[in-house]
There are 2 protein chains.
Amino acid sequence: MRASGGGRARLEPDRGLIVAAPELAIGLISFGPERPLAESVQACARHGIRHVGLTRELVASSGPAEVARMLAGEGIAVTGYARAPRIPTTTGPERAQALSEARRLLDEAATVGAKHLIATGGGFDPAVSTLERAWDAFLEGMHALLPDAAACGVDIVIEPLHPMYAGDRGLVFTLARAAEACDALGLGRGLVVDAYHVWWEPGLADALAAVQGRIAEFHICDWRLPTRGLTDRAMIGEGCIDLAAMARQVRAAGFDGPFELELFSSQDWWLRSPDELLITAIRNFDALVPKSGDA
Amino acid sequence: MRASGGGRARLEPDRGLIVAAPELAIGLISFGPERPLAESVQACARHGIRHVGLTRELVASSGPAEVARMLAGEGIAVTGYARAPRIPTTTGPERAQALSEARRLLDEAATVGAKHLIATGGGFDPAVSTLERAWDAFLEGMHALLPDAAACGVDIVIEPLHPMYAGDRGLVFTLARAAEACDALGLGRGLVVDAYHVWWEPGLADALAAVQGRIAEFHICDWRLPTRGLTDRAMIGEGCIDLAAMARQVRAAGFDGPFELELFSSQDWWLRSPDELLITAIRNFDALVPKSGDA
């Protein structure tokens, strides 16, 4: 399998733009939290992107029905919808409210046509809880939502986050722990692998081989050196992650969907234009990631 | 075992300061990288601190012999000396130079009276290496240094860092991986546990029980919510780590040394006075950490 020169990108003389092949998806948060969704969707359409990931915050301003129309008009499909709310460890109204919010998000995910609602666990309140108790509440909450997810036709998927999001956005920090959650919930292809979140794992190649057949999405970006904070992800190919190796390992683990760029980059990419981001992403993707079918 | 009210601190009418018992050590970097070492040492002495941790950068301005005299004059002992250099994956002059630097640091550690030289692995160069290859080079390098360490009377100890330091400062990110390094190097009590670095680990209580008899130092601080960057550690008791539980688990794992506060806090504690930091630390330590011998 070649690690460079996939030959997906091409320059279109009429448009002067590099056009992607369908192996590259874009998480629309990559264009920044303030970017109007219509602008992001049009940029993706211009560059041949066929799949996008959404967040609830990005969808909120237009509403899910309008977002669905916008994407259908461009022939763009939705991968994942981020993200399920945290489930509090306390019972009673607070927990019922979280489950009710999660059910609303499943409905929204179905309306926009997302395949997955992504669950990361969320934070916890150190005054009344601990990481371990929050983990138990998370599994119980996701279990309670499974019938609703089935009714909506949306899969719940589990994404391990980088441990620096512990206490705030995440409860699941390793591939093995995410697979444990999938087992507990009976999720088959229920795991989101994000290169940025798991690249540091000891024995990563073995950990990816161990989740054979279970990867629902593969998110890509790079780890910047030095890293300046929690929203400082680098463009693929511009950090220290061995993405070519991970791409091979994820394909070998049976994932055949598009690779989804997801950039949280408040000091860099969120300040640039969607066209600049996409042209760079497509060029770097082409150099880094072997084409499906290459051997 | 009680989780609060250890009763170590007391107000001394003549000095108006809260005085610690010897269970609390201070990593002197907690006072900031620019603080003159003499000022830090005097503050520790005023507050009854009997053990301090050093970094090579803090020692550099006075030199190790002068630092040793300064500490001996106050009756203060040294725990760990941070930190061994990274060992490059390339062979030849670059590797020889790193080993030579490590030997010089072992000598410095011996001169200041440190018990341990702390090794975290350091970063790696993504242009020529990967995390896995850097890990192998790290183990080989530490192995080559063992005779020098023995000759100096300084133990090499391994500290797993938080995964957000991967690629830059660390190569070891879990207790299990650090124990693996200790096994490979034949280090008995060779593990530094830092609450900030490992608190997120799935199954932390079990992971600490599994390193019974192997903990050489226990570093404490807290995880701030929200965390604003890579030098944003919180004072003990002011974040979301269950430090009382960890303290019990670390004692149960056979560690009987002092608990060492280590704050990297560029936006908060590094800007405050040593006295304010120590008074807060001693008060919070007293409330959080059960006294040795309490049952």
# chains A, B, ... in the order shown; residues from 1 in each chain; ligands from 1
>>> interface_residues(of="chain B", to="chain A", cutoff="6 Å", atoms="only C-alpha atoms", output="list in words")
Pro126, Gly229 and Cys240 of chain B
>>> write_last_selection(atoms="C-alpha atoms", output="PDB file, in the first residue's frame")
ATOM      1  CA  PRO B 126       8.261  13.135  13.844  1.00  0.00           C
ATOM      2  CA  GLY B 229      -3.758  25.053  28.695  1.00  0.00           C
ATOM      3  CA  CYS B 240     -11.943  17.792  40.244  1.00  0.00           C
TER       4      CYS B 240
END
>>> residues_around(residues="Phe31 in chain A", least_positions_apart="4", cutoff="7 Å", atoms="only C-alpha atoms", output="PyMOL selection string")
chain A and resi 35+40+270+274
>>> write_last_selection(atoms="N, CA, C and O atoms", output="mmCIF file, in the first residue's frame")
data_model
loop_
_atom_site.group_PDB
_atom_site.id
_atom_site.type_symbol
_atom_site.label_atom_id
_atom_site.label_comp_id
_atom_site.auth_asym_id
_atom_site.auth_seq_id
_atom_site.Cartn_x
_atom_site.Cartn_y
_atom_site.Cartn_z
ATOM 1 N N ARG A 35 -19.104 30.044 11.870
ATOM 2 C CA ARG A 35 -19.292 30.065 10.421
ATOM 3 C C ARG A 35 -20.747 29.708 10.076
ATOM 4 O O ARG A 35 -21.253 28.685 10.536
ATOM 5 N N SER A 40 -20.426 26.923 4.844
ATOM 6 C CA SER A 40 -19.630 25.693 4.959
ATOM 7 C C SER A 40 -20.101 24.637 3.970
ATOM 8 O O SER A 40 -19.287 23.962 3.316
ATOM 9 N N TRP A 270 -9.684 28.045 12.164
ATOM 10 C CA TRP A 270 -10.988 28.701 12.308
ATOM 11 C C TRP A 270 -10.953 30.149 11.808
ATOM 12 O O TRP A 270 -11.988 30.757 11.572
ATOM 13 N N PRO A 274 -12.959 28.768 4.302
ATOM 14 C CA PRO A 274 -13.267 27.365 3.987
ATOM 15 C C PRO A 274 -12.516 26.870 2.750
ATOM 16 O O PRO A 274 -12.051 25.721 2.736
#
>>> select_by_dssp(residues="range 16-254 of chain A", states="helix (DSSP H, G or I)", output="MDAnalysis selection string")
chainID A and resid 28:31 37:46 56:60 64:74 93:112 131:152 163:165 175:185 195:198 204:209 243:252
>>> residues_around(residues="range 64-79 of chain B", least_positions_apart="5", cutoff="7 Å", atoms="only C-alpha atoms", output="PyMOL selection string")
chain B and resi 45+50-53+59+108+111-116
>>> atom_distance(atom1="CA of Leu278 in chain A", atom2="CA of Pro36 in chain A")
16.2 Å
>>> residues_around(residues="range 180-189 of chain B", least_positions_apart="4", cutoff="8 Å", atoms="only C-alpha atoms", output="list in words")
Leu139, Met142, His143, Ile156, Val157, Ile158, Ala176, Gly213, Arg214, Ile215 and Ala216 of chain B
>>> write_last_selection(atoms="all heavy atoms", output="CSV table (one decimal), in the first residue's frame")
chain,number,residue,atom,x,y,z
B,139,LEU,N,14.0,3.2,26.5
B,139,LEU,CA,14.4,2.1,27.4
B,139,LEU,C,15.8,1.7,27.2
B,139,LEU,O,16.5,1.5,28.2
B,139,LEU,CB,13.5,0.9,27.0
B,139,LEU,CG,12.0,1.0,27.5
B,139,LEU,CD1,11.3,-0.3,27.2
B,139,LEU,CD2,11.9,1.4,28.9
B,142,MET,N,17.9,4.4,29.0
B,142,MET,CA,17.9,4.3,30.5
B,142,MET,C,18.7,3.1,30.9
B,142,MET,O,19.4,3.2,31.9
B,142,MET,CB,16.5,4.2,31.0
B,142,MET,CG,15.6,5.5,30.8
B,142,MET,SD,16.4,7.0,31.5
B,142,MET,CE,16.9,7.9,30.0
B,143,HIS,N,18.6,2.0,30.2
B,143,HIS,CA,19.4,0.8,30.5
B,143,HIS,C,20.9,1.1,30.5
B,143,HIS,O,21.6,0.7,31.4
B,143,HIS,CB,19.0,-0.3,29.5
B,143,HIS,CG,19.6,-1.6,30.0
B,143,HIS,ND1,20.7,-2.1,29.5
B,143,HIS,CD2,19.1,-2.5,30.9
B,143,HIS,CE1,21.0,-3.3,30.1
B,143,HIS,NE2,19.9,-3.6,31.0
B,156,ILE,N,17.3,6.0,39.1
B,156,ILE,CA,16.5,6.5,38.0
B,156,ILE,C,15.0,6.1,38.2
B,156,ILE,O,14.8,4.9,38.6
B,156,ILE,CB,17.0,5.9,36.6
B,156,ILE,CG1,18.3,6.5,36.3
B,156,ILE,CG2,16.0,6.2,35.5
B,156,ILE,CD1,19.0,5.9,35.1
B,157,VAL,N,14.1,7.0,38.2
B,157,VAL,CA,12.7,6.7,38.3
B,157,VAL,C,11.9,7.2,37.1
B,157,VAL,O,12.3,8.1,36.4
B,157,VAL,CB,12.1,7.3,39.6
B,157,VAL,CG1,12.8,6.6,40.9
B,157,VAL,CG2,12.3,8.8,39.7
B,158,ILE,N,10.8,6.5,36.9
B,158,ILE,CA,10.0,6.7,35.6
B,158,ILE,C,8.7,7.4,36.0
B,158,ILE,O,8.0,6.9,36.9
B,158,ILE,CB,9.7,5.4,34.9
B,158,ILE,CG1,10.9,4.5,34.8
B,158,ILE,CG2,8.9,5.6,33.6
B,158,ILE,CD1,11.9,5.0,33.8
B,176,ALA,N,0.5,1.4,33.9
B,176,ALA,CA,0.9,0.1,33.5
B,176,ALA,C,2.1,0.2,32.6
B,176,ALA,O,3.0,-0.6,32.7
B,176,ALA,CB,-0.3,-0.5,32.7
B,213,GLY,N,4.3,-1.4,46.2
B,213,GLY,CA,5.7,-1.5,46.5
B,213,GLY,C,6.6,-0.8,45.5
B,213,GLY,O,7.8,-0.8,45.7
B,214,ARG,N,6.0,-0.2,44.5
B,214,ARG,CA,6.9,0.4,43.4
B,214,ARG,C,6.9,1.9,43.4
B,214,ARG,O,7.5,2.5,42.5
B,214,ARG,CB,6.4,-0.2,42.1
B,214,ARG,CG,6.1,-1.7,42.1
B,214,ARG,CD,6.0,-2.2,40.8
B,214,ARG,NE,7.3,-2.2,40.1
B,214,ARG,CZ,7.5,-3.0,39.0
B,214,ARG,NH1,6.6,-3.8,38.5
B,214,ARG,NH2,8.7,-3.0,38.5
B,215,ILE,N,6.1,2.6,44.2
B,215,ILE,CA,6.0,4.0,44.1
B,215,ILE,C,7.1,4.7,44.8
B,215,ILE,O,7.3,4.5,46.0
B,215,ILE,CB,4.6,4.5,44.6
B,215,ILE,CG1,3.5,3.8,43.9
B,215,ILE,CG2,4.5,6.0,44.5
B,215,ILE,CD1,2.1,4.1,44.4
B,216,ALA,N,7.9,5.5,44.1
B,216,ALA,CA,9.1,6.2,44.7
B,216,ALA,C,8.7,7.6,45.1
B,216,ALA,O,9.3,8.2,46.0
B,216,ALA,CB,10.2,6.3,43.6
>>> closest_residue(among="A:Glu260, A:Ala253, A:Glu23, A:Gly237", to="Thr280 in chain A", atoms="only C-alpha atoms")
A:Gly237
